[in-house]
Every structure is written in structure tokens, then in C-alpha cells.
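Trainee: The structure that follows is given in the form of C-alpha cells.
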Amino acid sequence: MIYFFTAVLIIFISYAVLPTVLIRSLNWGIVKEISEPNSIALTFDDGPDPQYTARLLDVLKKHEAKAAFFVVGENAAKHPLLLKRMQEDGHTIGIHHYRHISSWFLSPGCLKRQLEQTKKIIEETINEEVYFYRPPWGHFNLFTLWMARKYKIIMWSGIFKDWKIRHIRDTLSESLANETVPGRIFLLHDSGETLGADPHAPEYMIGHLDQYLQQAALKGIHFVSLKEGYQGHHT
């Protein structure tokens, strides 16, 4: 029995953990920065959320900030009007799987379906081609780069643990204020329904983000969509 579990562990590490470590550490086929001068890219995962996404869009509009939303397909199917508003407000929409499932536990065929289902929902809703993809939890498997070869895979260079209210209260404002280097890609979340997240965390995140955007504007920092910040997204 011990040999069986050892074999399973080796297969799992080879299929899931090792590709994730190598891809993220060596930056194989992924994007972690944008090229737009004096700009930062805000990205939001796990929505659209009927309670928080519209409020977040209001805050972004208030500060004339653009962002990217990596949406979960089943959420997008339930809330098409939020996708349309994202588009109308000039934001970028990308794929974050049909369900919020780690690529570690998806076969190549299942991964392909997760991508294609979400792509279809987004494109039928906004009548615009989807170019960007972010895997849930930033997890890759042995076949992710091949299955997602038609997309630009967007990772992040700033992450703030905003899925936990405790981290938001203790560190988010300071962490955001210290992130002033142009070209950074921030990862935040507009839904608290994901496994491990606090359901009301986005409410606190939005409040802190509102303050940060006001302060950042005084420093001349611009917030751009991925279409603006990453040239060549359609190649």
C-alpha cells in the first residue's frame, strides 16, 4: 500500500506541483507586469458577484480607474448584466475557469472544457473576443500552457490576501500604499464565495481600495486595463 501512495504522490507532484513551481518561478508563458508608463493594472478574480461587483465598478468609475476582471463562468452566466457593465465601463474581461477549480485536479480534457465554456459565455454576452486567462489559485498542470496557448496568461506581481477580513483590516491599506512601482499587476477579489474566503471580505476591500485610488491619483499613478497595459495581447 505504501508503494501505491508513493506512486500517486509522485504522479501528483509531476503533473501539478512541479509545473506550477517551474512556470511561476521561471516565468514560462506568463505575464506578471504591464508596459504602460506610470501605470498599474488592477485585476479582480472570482466574480461577478451580485452583492459586490457593482459597488466595485462604482468605485472604479468614481476614480476613472480601469481594471481587469477574471470571471468564473458559472457566475458570469448568472449575472450577464454585470459583464456588460464591465465592458461598457472600459474594463477587460478574462477567463477564470467555469467553476473555481484548481488545474491541479483537472485532466487535460476537463481543463479544455473549463476554458471553452467560460470563453463562450463571455463572448456571447459582450460580443467581444476573450484574450486573457488566469488559472484559479495560480495553479498550473502539465498541460496548462498548451491548452491555454491561444490566451495571454496573466499572473500578478502584487497580492494582498484580501480574501481574509483580518488581513484587510491589518495590512491592506499599508500594503497598497507601499506598492507604487509602475508596471505592477495587483490581484484582488470581488467575491467572497470561494473556498477559504471570508464572505464579506470584498466589502472591506472595496472601502480600502477607494481610499488607495484617491491617494494614488495624487502621486500621478494611472490604473489601466490589460488591453491598454499589455500590448500585443491579440498575437
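Residue numbering restarts at 1 in every chain; chains get A, B, ... in the order shown in the C-alpha cells, and ligands count up from 1 in that same order.
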Can you tell me, as a PDB file with N, CA and C atoms, in the first residue's frame, what residues are no more than 10 Å from A:Leu106 when counting only C-alpha atoms, ignoring any on the same chain fewer than 3 positions away?
Mentor:
ATOM      1  N   ALA A  16       1.176  18.318 -11.308  1.00  0.00           N
ATOM      2  CA  ALA A  16       0.593  19.558 -10.804  1.00  0.00           C
ATOM      3  C   ALA A  16       1.592  20.485 -10.127  1.00  0.00           C
ATOM      4  N   ILE A 101     -12.115  25.790  -9.878  1.00  0.00           N
ATOM      5  CA  ILE A 101     -11.441  24.520  -9.611  1.00  0.00           C
ATOM      6  C   ILE A 101      -9.975  24.652  -9.980  1.00  0.00           C
ATOM      7  N   SER A 102      -9.106  24.177  -9.114  1.00  0.00           N
ATOM      8  CA  SER A 102      -7.674  24.202  -9.385  1.00  0.00           C
ATOM      9  C   SER A 102      -7.328  23.300 -10.565  1.00  0.00           C
ATOM     10  N   SER A 103      -6.422  23.777 -11.405  1.00  0.00           N
ATOM     11  CA  SER A 103      -5.932  22.959 -12.524  1.00  0.00           C
ATOM     12  C   SER A 103      -5.212  21.709 -12.043  1.00  0.00           C
ATOM     13  N   GLY A 109      -8.600  17.215 -20.745  1.00  0.00           N
ATOM     14  CA  GLY A 109      -9.920  17.406 -21.333  1.00  0.00           C
ATOM     15  C   GLY A 109     -10.819  18.285 -20.489  1.00  0.00           C
ATOM     16  N   CYS A 110     -10.782  18.092 -19.179  1.00  0.00           N
ATOM     17  CA  CYS A 110     -11.594  18.920 -18.272  1.00  0.00           C
ATOM     18  C   CYS A 110     -11.122  20.367 -18.284  1.00  0.00           C
ATOM     19  N   LEU A 111      -9.820  20.567 -18.321  1.00  0.00           N
ATOM     20  CA  LEU A 111      -9.281  21.925 -18.385  1.00  0.00           C
ATOM     21  C   LEU A 111      -9.744  22.618 -19.657  1.00  0.00           C
ATOM     22  N   LYS A 112      -9.691  21.906 -20.766  1.00  0.00           N
ATOM     23  CA  LYS A 112     -10.141  22.475 -22.041  1.00  0.00           C
ATOM     24  C   LYS A 112     -11.599  22.898 -21.961  1.00  0.00           C
ATOM     25  N   ARG A 113     -12.445  22.069 -21.355  1.00  0.00           N
ATOM     26  CA  ARG A 113     -13.867  22.406 -21.233  1.00  0.00           C
ATOM     27  C   ARG A 113     -14.077  23.611 -20.326  1.00  0.00           C
ATOM     28  N   GLN A 114     -13.309  23.700 -19.233  1.00  0.00           N
ATOM     29  CA  GLN A 114     -13.414  24.858 -18.336  1.00  0.00           C
ATOM     30  C   GLN A 114     -13.132  26.152 -19.096  1.00  0.00           C
ATOM     31  N   PHE A 140      -1.086  25.548 -12.073  1.00  0.00           N
ATOM     32  CA  PHE A 140      -0.911  25.000 -13.415  1.00  0.00           C
ATOM     33  C   PHE A 140      -0.804  23.479 -13.328  1.00  0.00           C
ATOM     34  N   ASN A 141      -1.052  22.829 -14.450  1.00  0.00           N
ATOM     35  CA  ASN A 141      -0.698  21.416 -14.540  1.00  0.00           C
ATOM     36  C   ASN A 141       0.183  21.203 -15.767  1.00  0.00           C
ATOM     37  N   PHE A 143      -0.318  20.312 -18.634  1.00  0.00           N
ATOM     38  CA  PHE A 143      -0.858  20.640 -19.953  1.00  0.00           C
ATOM     39  C   PHE A 143      -1.415  22.057 -20.048  1.00  0.00           C
ATOM     40  N   THR A 144      -1.334  22.854 -18.982  1.00  0.00           N
ATOM     41  CA  THR A 144      -1.971  24.168 -18.983  1.00  0.00           C
ATOM     42  C   THR A 144      -1.453  25.064 -20.094  1.00  0.00           C
TER      43      THR A 144
END
Trainee: Near A:Phe223, within 8 Å and counting only C-alpha atoms, which residues show up once chain neighbours fewer than 3 positions away are dropped, as an MDAnalysis selection string?
Mentor: chainID A and resid 39:42 65:67
Trainee: Go ahead and write the selection's residues with N, CA and C atoms as a short mmCIF file (atom, residue, chain, number, x, y, z; two decimals), in the first residue's frame.
Mentor:
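Okay, part-v7.cif is ready:
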data_model
loop_
_atom_site.label_atom_id
_atom_site.label_comp_id
_atom_site.auth_asym_id
_atom_site.auth_seq_id
_atom_site.Cartn_x
_atom_site.Cartn_y
_atom_site.Cartn_z
N SER A 39 1.89 53.38 -14.72
CA SER A 39 0.59 52.73 -14.59
C SER A 39 0.68 51.42 -13.82
N ILE A 40 -0.44 51.07 -13.22
CA ILE A 40 -0.62 49.80 -12.52
C ILE A 40 -1.89 49.15 -13.06
N ALA A 41 -1.90 47.83 -13.14
CA ALA A 41 -3.09 47.10 -13.57
C ALA A 41 -3.77 46.47 -12.37
N LEU A 42 -5.00 46.87 -12.12
CA LEU A 42 -5.82 46.24 -11.10
C LEU A 42 -6.54 45.05 -11.72
N ALA A 65 -10.65 54.79 -12.95
CA ALA A 65 -9.66 53.70 -12.98
C ALA A 65 -10.20 52.54 -13.81
N LYS A 66 -9.34 51.99 -14.63
CA LYS A 66 -9.69 50.80 -15.40
C LYS A 66 -9.12 49.56 -14.72
N ALA A 67 -9.70 48.41 -15.01
CA ALA A 67 -9.27 47.17 -14.35
C ALA A 67 -9.54 45.99 -15.27
#
Trainee: As an MDAnalysis selection string, list the residues of chain A assigned to strand (DSSP E or B) by DSSP on the backbone atoms of this structure.
Mentor: chainID A and resid 30:31 33 39:45 67:71 92:95 132:133 152:154 158:159 184:189 222:223
Trainee: Write the residues you've just listed into a file as a compact mmCIF listing (two decimals), in the first residue's frame, and include N, CA and C atoms for each of them.
Mentor:
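After the write, again-v3.txt holds the following:
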# COMPACT_ATOMS: atom_id res chain seq x y z
N ILE A 30 3.92 33.28 -19.06
CA ILE A 30 3.02 34.06 -18.22
C ILE A 30 3.43 35.52 -18.21
N VAL A 31 2.49 36.38 -17.82
CA VAL A 31 2.72 37.82 -17.74
C VAL A 31 2.53 38.26 -16.30
N GLU A 33 3.77 41.66 -15.44
CA GLU A 33 3.91 43.11 -15.47
C GLU A 33 3.28 43.67 -16.73
N SER A 39 1.89 53.38 -14.72
CA SER A 39 0.59 52.73 -14.59
C SER A 39 0.68 51.42 -13.82
N ILE A 40 -0.44 51.07 -13.22
CA ILE A 40 -0.62 49.80 -12.52
C ILE A 40 -1.89 49.15 -13.06
N ALA A 41 -1.90 47.83 -13.14
CA ALA A 41 -3.09 47.10 -13.57
C ALA A 41 -3.77 46.47 -12.37
N LEU A 42 -5.00 46.87 -12.12
CA LEU A 42 -5.82 46.24 -11.10
C LEU A 42 -6.54 45.05 -11.72
N THR A 43 -6.49 43.91 -11.06
CA THR A 43 -7.22 42.73 -11.54
C THR A 43 -8.04 42.14 -10.40
N PHE A 44 -9.22 41.66 -10.74
CA PHE A 44 -10.14 41.12 -9.74
C PHE A 44 -10.60 39.73 -10.17
N ASP A 45 -10.50 38.79 -9.24
CA ASP A 45 -10.85 37.39 -9.51
C ASP A 45 -12.16 37.00 -8.83
N ALA A 67 -9.70 48.41 -15.01
CA ALA A 67 -9.27 47.17 -14.35
C ALA A 67 -9.54 45.99 -15.27
N ALA A 68 -9.16 44.82 -14.80
CA ALA A 68 -9.47 43.56 -15.49
C ALA A 68 -10.20 42.65 -14.52
N PHE A 69 -11.20 41.96 -15.01
CA PHE A 69 -11.98 41.03 -14.20
C PHE A 69 -11.84 39.63 -14.78
N PHE A 70 -11.28 38.72 -13.97
CA PHE A 70 -11.19 37.33 -14.36
C PHE A 70 -12.38 36.61 -13.75
N VAL A 71 -13.34 36.29 -14.60
CA VAL A 71 -14.64 35.85 -14.11
C VAL A 71 -14.78 34.33 -14.12
N THR A 92 -11.37 45.19 -18.87
CA THR A 92 -11.05 43.96 -19.58
C THR A 92 -11.69 42.78 -18.85
N ILE A 93 -12.18 41.81 -19.60
CA ILE A 93 -12.77 40.61 -19.01
C ILE A 93 -11.97 39.39 -19.47
N GLY A 94 -11.58 38.56 -18.51
CA GLY A 94 -10.81 37.36 -18.81
C GLY A 94 -11.41 36.12 -18.18
N ILE A 95 -10.82 34.99 -18.48
CA ILE A 95 -11.31 33.67 -18.05
C ILE A 95 -10.68 33.25 -16.73
N PHE A 132 -7.54 36.87 -22.47
CA PHE A 132 -6.79 36.74 -21.23
C PHE A 132 -7.33 35.62 -20.35
N TYR A 133 -6.42 34.99 -19.60
CA TYR A 133 -6.77 33.86 -18.75
C TYR A 133 -5.91 33.89 -17.50
N LYS A 152 -3.31 34.97 -23.38
CA LYS A 152 -2.23 35.51 -22.57
C LYS A 152 -2.56 35.16 -21.12
N ILE A 153 -1.66 34.44 -20.47
CA ILE A 153 -1.89 34.01 -19.09
C ILE A 153 -1.36 35.10 -18.16
N ILE A 154 -2.26 35.70 -17.42
CA ILE A 154 -1.93 36.84 -16.56
C ILE A 154 -1.81 36.38 -15.12
N GLY A 158 1.63 41.73 -7.35
CA GLY A 158 1.21 42.21 -6.04
C GLY A 158 -0.03 41.48 -5.58
N ILE A 159 0.06 40.78 -4.46
CA ILE A 159 -1.08 40.04 -3.90
C ILE A 159 -1.21 40.40 -2.43
N ARG A 184 3.23 47.16 -12.19
CA ARG A 184 2.77 46.07 -11.34
C ARG A 184 1.35 45.63 -11.73
N ILE A 185 1.07 44.36 -11.49
CA ILE A 185 -0.28 43.82 -11.66
C ILE A 185 -0.76 43.39 -10.28
N PHE A 186 -1.83 44.04 -9.81
CA PHE A 186 -2.39 43.74 -8.49
C PHE A 186 -3.48 42.68 -8.62
N LEU A 187 -3.51 41.77 -7.66
CA LEU A 187 -4.56 40.76 -7.58
C LEU A 187 -5.44 41.04 -6.37
N LEU A 188 -6.74 41.25 -6.63
CA LEU A 188 -7.74 41.43 -5.58
C LEU A 188 -8.95 40.57 -5.95
N HIS A 189 -9.96 40.56 -5.08
CA HIS A 189 -11.10 39.66 -5.28
C HIS A 189 -12.42 40.40 -5.05
N HIS A 222 -1.61 55.91 -12.76
CA HIS A 222 -2.78 55.61 -13.56
C HIS A 222 -3.11 54.12 -13.45
N PHE A 223 -4.38 53.81 -13.57
CA PHE A 223 -4.82 52.41 -13.49
C PHE A 223 -5.47 52.05 -14.82
Trainee: Quick one: residues within 10 Å of A:Pro37, only C-alpha atoms, excluding same-chain residues fewer than 5 positions away - as a list in words?
Mentor: Pro182, Gly183, Ile221, His222 and Gly229 of chain A
Trainee: For those residues, write N, CA and C atoms to a file as a compact mmCIF listing (two decimals), in the first residue's frame.
Mentor:
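Generated output (out_15.txt):
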# COMPACT_ATOMS: atom_id res chain seq x y z
N PRO A 182 5.63 51.39 -11.05
CA PRO A 182 4.86 51.23 -12.29
C PRO A 182 5.06 49.85 -12.90
N GLY A 183 4.02 49.38 -13.57
CA GLY A 183 4.10 48.09 -14.25
C GLY A 183 3.57 46.92 -13.43
N ILE A 221 -0.29 58.16 -10.43
CA ILE A 221 -0.38 56.77 -10.86
C ILE A 221 -1.69 56.56 -11.62
N HIS A 222 -1.61 55.91 -12.76
CA HIS A 222 -2.78 55.61 -13.56
C HIS A 222 -3.11 54.12 -13.45
N GLY A 229 -2.53 48.13 -21.01
CA GLY A 229 -1.24 47.92 -20.36
C GLY A 229 -0.39 46.84 -20.98
Trainee: What separation in Å, quoted to one decimal, exists between atom CA of A:Leu142 and atom CA of A:Phe105?
Mentor: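 Between atom CA of A:Leu142 and atom CA of A:Phe105 the gap is 11.2 Å.
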Trainee: So what do you get for atom CA of A:Pro135 versus atom CA of A:Lys120, distance-wise?
Mentor: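 One can read the atom CA of A:Pro135 to atom CA of A:Lys120 distance as 16.8 Å.
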Trainee: Choose the residue, out of A:Glu123, A:Asp210, A:Pro202, A:Glu116, that has the smallest atom-to-atom separation from A:Lys61; count only C-alpha atoms.
Mentor: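 Closest to A:Lys61, using only C-alpha atoms: A:Asp210.
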Trainee: Skipping near chain neighbours, those fewer than 3 positions away, what residues fall within 9 Å of A:Asp190 using only C-alpha atoms, listed as a PyMOL selection string?
Mentor: chain A and resi 44-49+52-53+56+69+201-203+205-206
Trainee: Rank A:Asn38, A:Met147, A:Val59, A:Gly29 by their smallest atom-to-atom distance to A:Ser107, using only C-alpha atoms, and report the top residue only.
Mentor: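 Nearest to A:Ser107: A:Met147.
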Trainee: As an exercise, work out the distance from atom CA of A:Asn27 to atom CA of A:Leu9 in Å and give it to one decimal place.
Mentor: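 Interatomic distance, atom CA of A:Asn27 to atom CA of A:Leu9: 25.0 Å.
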Trainee: Mind checking which residues fall within 9 Å of A:Glu228, counting only C-alpha atoms, ignoring those fewer than 6 positions away in the same chain, and posting them as a PDB file with N, CA and C atoms, in the first residue's frame?
Mentor:
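Now in part_7.pdb:
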ATOM      1  N   ILE A  34       2.989  44.966 -16.712  1.00  0.00           N
ATOM      2  CA  ILE A  34       2.486  45.655 -17.896  1.00  0.00           C
ATOM      3  C   ILE A  34       3.529  46.663 -18.365  1.00  0.00           C
ATOM      4  N   SER A  35       3.344  47.156 -19.580  1.00  0.00           N
ATOM      5  CA  SER A  35       4.349  48.031 -20.179  1.00  0.00           C
ATOM      6  C   SER A  35       3.969  49.500 -20.172  1.00  0.00           C
ATOM      7  N   GLU A  36       2.750  49.824 -19.782  1.00  0.00           N
ATOM      8  CA  GLU A  36       2.288  51.206 -19.813  1.00  0.00           C
ATOM      9  C   GLU A  36       3.024  52.045 -18.768  1.00  0.00           C
TER      10      GLU A  36
END
Trainee: Residues at most 8 Å from A:Lys84, counting only C-alpha atoms, excluding those fewer than 4 positions away in the same chain, as a list in words?
Mentor: Pro80, Glu88, Thr125 and Ile126 of chain A
Trainee: Could you write those residues out with N, CA and C atoms, as a PDB file, in the first residue's frame?
Mentor:
ATOM      1  N   PRO A  80     -25.167  38.303 -16.356  1.00  0.00           N
ATOM      2  CA  PRO A  80     -24.658  38.876 -17.608  1.00  0.00           C
ATOM      3  C   PRO A  80     -24.638  40.403 -17.624  1.00  0.00           C
ATOM      4  N   GLU A  88     -18.877  48.113 -20.792  1.00  0.00           N
ATOM      5  CA  GLU A  88     -19.280  49.497 -21.040  1.00  0.00           C
ATOM      6  C   GLU A  88     -18.382  50.492 -20.318  1.00  0.00           C
ATOM      7  N   THR A 125     -21.992  37.087 -24.309  1.00  0.00           N
ATOM      8  CA  THR A 125     -22.580  38.160 -23.507  1.00  0.00           C
ATOM      9  C   THR A 125     -22.132  39.533 -23.979  1.00  0.00           C
ATOM     10  N   ILE A 126     -20.845  39.693 -24.253  1.00  0.00           N
ATOM     11  CA  ILE A 126     -20.315  41.027 -24.581  1.00  0.00           C
ATOM     12  C   ILE A 126     -19.970  41.183 -26.058  1.00  0.00           C
TER      13      ILE A 126
END
Trainee: Which of chain A end up as helix (DSSP H, G or I) when DSSP is run on this backbone - answer as a ChimeraX atom specification?
Mentor: /A:2-26,53-62,73-78,80-88,103-105,108-126,136-138,144-147,165-178,201-218,226-229
Trainee: Counting only C-alpha atoms, figure out which residue out of A:His139, A:Lys78, A:His97, A:His208 gets nearest to A:His167.
Mentor: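 Residue with the minimum atom-to-atom distance to A:His167: A:His208.
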Trainee: Looking at A:Gly138, A:Ser175, A:Ile122, A:Arg99, which one is nearest to A:Val17, with distances taken over only C-alpha atoms?
Mentor: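 The answer is A:Gly138, which sits nearest to A:Val17.
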